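Have a look at the structure below before the remarks.
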Number of protein chains: 2
Amino acid sequence: MDPSPFARPGTAADLEEGLALTPKFDRDGLVTCVATDAATGDVLMVAHMNAAALSKTIATGEAWYFSRSRQALWRKGETSGHTQRVIEMRIDCDQDAVWIKVEQTVAACHTGRRSCFYRAVPLGKANGAVLTFVEERVFDPKVAR
Amino acid sequence: MDPSPFARPGTAADLEEGLALTPKFDRDGLVTCVATDAATGDVLMVAHMNAAALSKTIATGEAWYFSRSRQALWRKGETSGHTQRVIEMRIDCDQDAVWIKVEQTVAACHTGRRSCFYRAVPLGKANGAVLTFVEERVFDPKVAR
């Protein structure tokens, strides 16, 4: 793996009030990334970025992630065409999470829904909750992924 | 720790298309939770929930988290008063991330800003990026936390 282009995290005060981007990668070398739809504000997906993915996303304005299951860097939409153009990027107080507002082509979710968060969890009873589907498919995942 | 009230995750098909909430907790027993402002859609914070926190959040409609640094269950705002009332909860395709839309009292961030994502990362140059503060404090963290 290429060495990280980012400086190492400093003190809590540096992380929270500083002007330098010094991401606090976890023991697997990852930060969490939340992608929201720049148009609607909906959360589209939650995924992870390693230093290379974060660096490429910043440099290109296209969303890159690190797949934990495949242990591989990937550009969102590189096979499906369902890319994400980054409109704005934010970093959180302790610099271990990134928020990107994106223009999503077609859909973020491989199941065919625009957002990965297509089911609601009813509140009030923790046990035996029955999920409710709240989003229709916008493409057929059997045809195109 | 109490045993999880949730059934164990099944196949990918069950996780993605099923009606049962079977969270896929990671090796630390956690799922990622994104809290957005129900009024504005802004991402307020990213945190973690263990089975107890998720179960309490669902049962009470108030946001509970698990602090990795303190290794403790906590109700958001239990000391600061800056609670989160959950308006809606969603689960993602592989059930390892939760999205809650909340009514946030005062502010989500301990630094005094409403959102933890109060700094923008400029796009275009990965190295030496200078962060921009995009949110003012709404309370003084030296006075009230």
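If you're wondering about the labels, chains in the structure tokens are A, B, ... by order shown, residues count from 1 in each chain, ligands from 1 in order shown.
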
Between chain B and chain A, at 8 Å or less, what are the per-residue closest atom pairs and their distances in Å? Count only C-alpha atoms, order by chain and rising residue number, and return it as JSON lines.
{"residue": "B:Pro5", "atom": "CA", "partner": "A:Asn127", "partner_atom": "CA", "distance": 6.2}
{"residue": "B:Phe6", "atom": "CA", "partner": "A:Asn127", "partner_atom": "CA", "distance": 6.8}
{"residue": "B:Glu16", "atom": "CA", "partner": "A:Thr111", "partner_atom": "CA", "distance": 7.6}
{"residue": "B:Gly18", "atom": "CA", "partner": "A:Leu131", "partner_atom": "CA", "distance": 7.9}
{"residue": "B:Leu19", "atom": "CA", "partner": "A:Leu131", "partner_atom": "CA", "distance": 4.8}
{"residue": "B:Ala20", "atom": "CA", "partner": "A:Val130", "partner_atom": "CA", "distance": 5.5}
{"residue": "B:Leu21", "atom": "CA", "partner": "A:Ala129", "partner_atom": "CA", "distance": 6.3}
{"residue": "B:Val34", "atom": "CA", "partner": "A:Val34", "partner_atom": "CA", "distance": 7.7}
{"residue": "B:Gly41", "atom": "CA", "partner": "A:Gly41", "partner_atom": "CA", "distance": 5.2}
{"residue": "B:Asp42", "atom": "CA", "partner": "A:Gly41", "partner_atom": "CA", "distance": 7.0}
{"residue": "B:Val43", "atom": "CA", "partner": "A:Trp99", "partner_atom": "CA", "distance": 7.5}
{"residue": "B:Met45", "atom": "CA", "partner": "A:Asp92", "partner_atom": "CA", "distance": 7.6}
{"residue": "B:Val46", "atom": "CA", "partner": "A:Ala97", "partner_atom": "CA", "distance": 7.0}
{"residue": "B:Ser55", "atom": "CA", "partner": "A:Ala126", "partner_atom": "CA", "distance": 5.1}
{"residue": "B:Lys56", "atom": "CA", "partner": "A:Ala126", "partner_atom": "CA", "distance": 7.3}
{"residue": "B:Ile58", "atom": "CA", "partner": "A:Leu123", "partner_atom": "CA", "distance": 4.9}
{"residue": "B:Ala59", "atom": "CA", "partner": "A:Gly124", "partner_atom": "CA", "distance": 4.4}
{"residue": "B:Thr60", "atom": "CA", "partner": "A:Gly124", "partner_atom": "CA", "distance": 6.2}
{"residue": "B:Gly61", "atom": "CA", "partner": "A:Leu123", "partner_atom": "CA", "distance": 6.3}
{"residue": "B:Glu88", "atom": "CA", "partner": "A:Ala120", "partner_atom": "CA", "distance": 7.3}
{"residue": "B:Met89", "atom": "CA", "partner": "A:Val121", "partner_atom": "CA", "distance": 5.3}
{"residue": "B:Arg90", "atom": "CA", "partner": "A:Ala120", "partner_atom": "CA", "distance": 4.3}
{"residue": "B:Ile91", "atom": "CA", "partner": "A:Phe117", "partner_atom": "CA", "distance": 5.4}
{"residue": "B:Asp92", "atom": "CA", "partner": "A:Phe117", "partner_atom": "CA", "distance": 4.2}
{"residue": "B:Cys93", "atom": "CA", "partner": "A:Cys116", "partner_atom": "CA", "distance": 5.2}
{"residue": "B:Ala97", "atom": "CA", "partner": "A:Val46", "partner_atom": "CA", "distance": 7.0}
{"residue": "B:Val98", "atom": "CA", "partner": "A:Phe117", "partner_atom": "CA", "distance": 8.0}
{"residue": "B:Trp99", "atom": "CA", "partner": "A:Phe117", "partner_atom": "CA", "distance": 7.3}
{"residue": "B:Cys109", "atom": "CA", "partner": "A:Cys93", "partner_atom": "CA", "distance": 7.7}
{"residue": "B:Thr111", "atom": "CA", "partner": "A:Cys93", "partner_atom": "CA", "distance": 7.6}
{"residue": "B:Cys116", "atom": "CA", "partner": "A:Asp92", "partner_atom": "CA", "distance": 5.0}
{"residue": "B:Phe117", "atom": "CA", "partner": "A:Asp92", "partner_atom": "CA", "distance": 4.2}
{"residue": "B:Tyr118", "atom": "CA", "partner": "A:Asp92", "partner_atom": "CA", "distance": 6.7}
{"residue": "B:Arg119", "atom": "CA", "partner": "A:Arg90", "partner_atom": "CA", "distance": 5.6}
{"residue": "B:Ala120", "atom": "CA", "partner": "A:Arg90", "partner_atom": "CA", "distance": 4.3}
{"residue": "B:Val121", "atom": "CA", "partner": "A:Met89", "partner_atom": "CA", "distance": 5.3}
{"residue": "B:Pro122", "atom": "CA", "partner": "A:Met89", "partner_atom": "CA", "distance": 7.2}
{"residue": "B:Leu123", "atom": "CA", "partner": "A:Ile58", "partner_atom": "CA", "distance": 4.9}
{"residue": "B:Gly124", "atom": "CA", "partner": "A:Ala59", "partner_atom": "CA", "distance": 4.4}
{"residue": "B:Lys125", "atom": "CA", "partner": "A:Ala59", "partner_atom": "CA", "distance": 5.0}
{"residue": "B:Ala126", "atom": "CA", "partner": "A:Ser55", "partner_atom": "CA", "distance": 5.1}
{"residue": "B:Asn127", "atom": "CA", "partner": "A:Pro5", "partner_atom": "CA", "distance": 6.2}
{"residue": "B:Gly128", "atom": "CA", "partner": "A:Ala20", "partner_atom": "CA", "distance": 7.3}
{"residue": "B:Ala129", "atom": "CA", "partner": "A:Leu21", "partner_atom": "CA", "distance": 6.3}
{"residue": "B:Val130", "atom": "CA", "partner": "A:Leu19", "partner_atom": "CA", "distance": 5.4}
{"residue": "B:Leu131", "atom": "CA", "partner": "A:Leu19", "partner_atom": "CA", "distance": 4.8}
{"residue": "B:Thr132", "atom": "CA", "partner": "A:Leu19", "partner_atom": "CA", "distance": 7.0}

Helix (DSSP H, G or I) call set, DSSP backbone run, range 40-84 of chain B, as a list of chain:residue names: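 The helix (DSSP H, G or I) subset of range 40-84 of chain B is B:Ala51, B:Ala52, B:Ala53, B:Leu54, B:Ser55, B:Lys56, B:Thr57, B:Ile58, B:Ala59, B:Thr60.
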
Just write the chosen residues, N, CA, C and O atoms, as a PDB file, in the first residue's frame.
ATOM      1  N   ALA B  51     -25.868  -3.945  20.723  1.00  0.00           N
ATOM      2  CA  ALA B  51     -27.234  -4.477  20.733  1.00  0.00           C
ATOM      3  C   ALA B  51     -28.104  -3.757  21.768  1.00  0.00           C
ATOM      4  O   ALA B  51     -29.263  -3.429  21.506  1.00  0.00           O
ATOM      5  N   ALA B  52     -27.515  -3.463  22.939  1.00  0.00           N
ATOM      6  CA  ALA B  52     -28.292  -2.801  23.990  1.00  0.00           C
ATOM      7  C   ALA B  52     -28.678  -1.378  23.572  1.00  0.00           C
ATOM      8  O   ALA B  52     -29.815  -0.944  23.788  1.00  0.00           O
ATOM      9  N   ALA B  53     -27.743  -0.641  22.986  1.00  0.00           N
ATOM     10  CA  ALA B  53     -28.014   0.737  22.557  1.00  0.00           C
ATOM     11  C   ALA B  53     -29.080   0.755  21.459  1.00  0.00           C
ATOM     12  O   ALA B  53     -30.012   1.568  21.495  1.00  0.00           O
ATOM     13  N   LEU B  54     -28.955  -0.143  20.500  1.00  0.00           N
ATOM     14  CA  LEU B  54     -29.930  -0.203  19.407  1.00  0.00           C
ATOM     15  C   LEU B  54     -31.311  -0.565  19.947  1.00  0.00           C
ATOM     16  O   LEU B  54     -32.317   0.063  19.603  1.00  0.00           O
ATOM     17  N   SER B  55     -31.324  -1.534  20.821  1.00  0.00           N
ATOM     18  CA  SER B  55     -32.584  -1.988  21.399  1.00  0.00           C
ATOM     19  C   SER B  55     -33.255  -0.886  22.228  1.00  0.00           C
ATOM     20  O   SER B  55     -34.462  -0.654  22.131  1.00  0.00           O
ATOM     21  N   LYS B  56     -32.471  -0.165  23.033  1.00  0.00           N
ATOM     22  CA  LYS B  56     -33.018   0.934  23.835  1.00  0.00           C
ATOM     23  C   LYS B  56     -33.506   2.079  22.952  1.00  0.00           C
ATOM     24  O   LYS B  56     -34.521   2.717  23.228  1.00  0.00           O
ATOM     25  N   THR B  57     -32.765   2.361  21.873  1.00  0.00           N
ATOM     26  CA  THR B  57     -33.175   3.427  20.960  1.00  0.00           C
ATOM     27  C   THR B  57     -34.521   3.095  20.329  1.00  0.00           C
ATOM     28  O   THR B  57     -35.420   3.940  20.264  1.00  0.00           O
ATOM     29  N   ILE B  58     -34.667   1.863  19.884  1.00  0.00           N
ATOM     30  CA  ILE B  58     -35.930   1.440  19.267  1.00  0.00           C
ATOM     31  C   ILE B  58     -37.072   1.495  20.289  1.00  0.00           C
ATOM     32  O   ILE B  58     -38.163   1.994  20.011  1.00  0.00           O
ATOM     33  N   ALA B  59     -36.804   1.006  21.481  1.00  0.00           N
ATOM     34  CA  ALA B  59     -37.867   0.916  22.490  1.00  0.00           C
ATOM     35  C   ALA B  59     -38.304   2.282  23.006  1.00  0.00           C
ATOM     36  O   ALA B  59     -39.493   2.507  23.259  1.00  0.00           O
ATOM     37  N   THR B  60     -37.340   3.218  23.145  1.00  0.00           N
ATOM     38  CA  THR B  60     -37.646   4.495  23.801  1.00  0.00           C
ATOM     39  C   THR B  60     -37.844   5.662  22.841  1.00  0.00           C
ATOM     40  O   THR B  60     -38.398   6.689  23.229  1.00  0.00           O
TER      41      THR B  60
END

Pairwise distance for CA of Ala63 in chain B and CA of Val102 in chain B, rounded to one decimal in Å: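 So the answer is 8.3 Å.
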
Residue set, range 21-115 of chain A restricted to strand (DSSP E or B), as a ChimeraX atom specification: /A:31-37,43-49,62,64-67,72-75,84-91,97-104,113
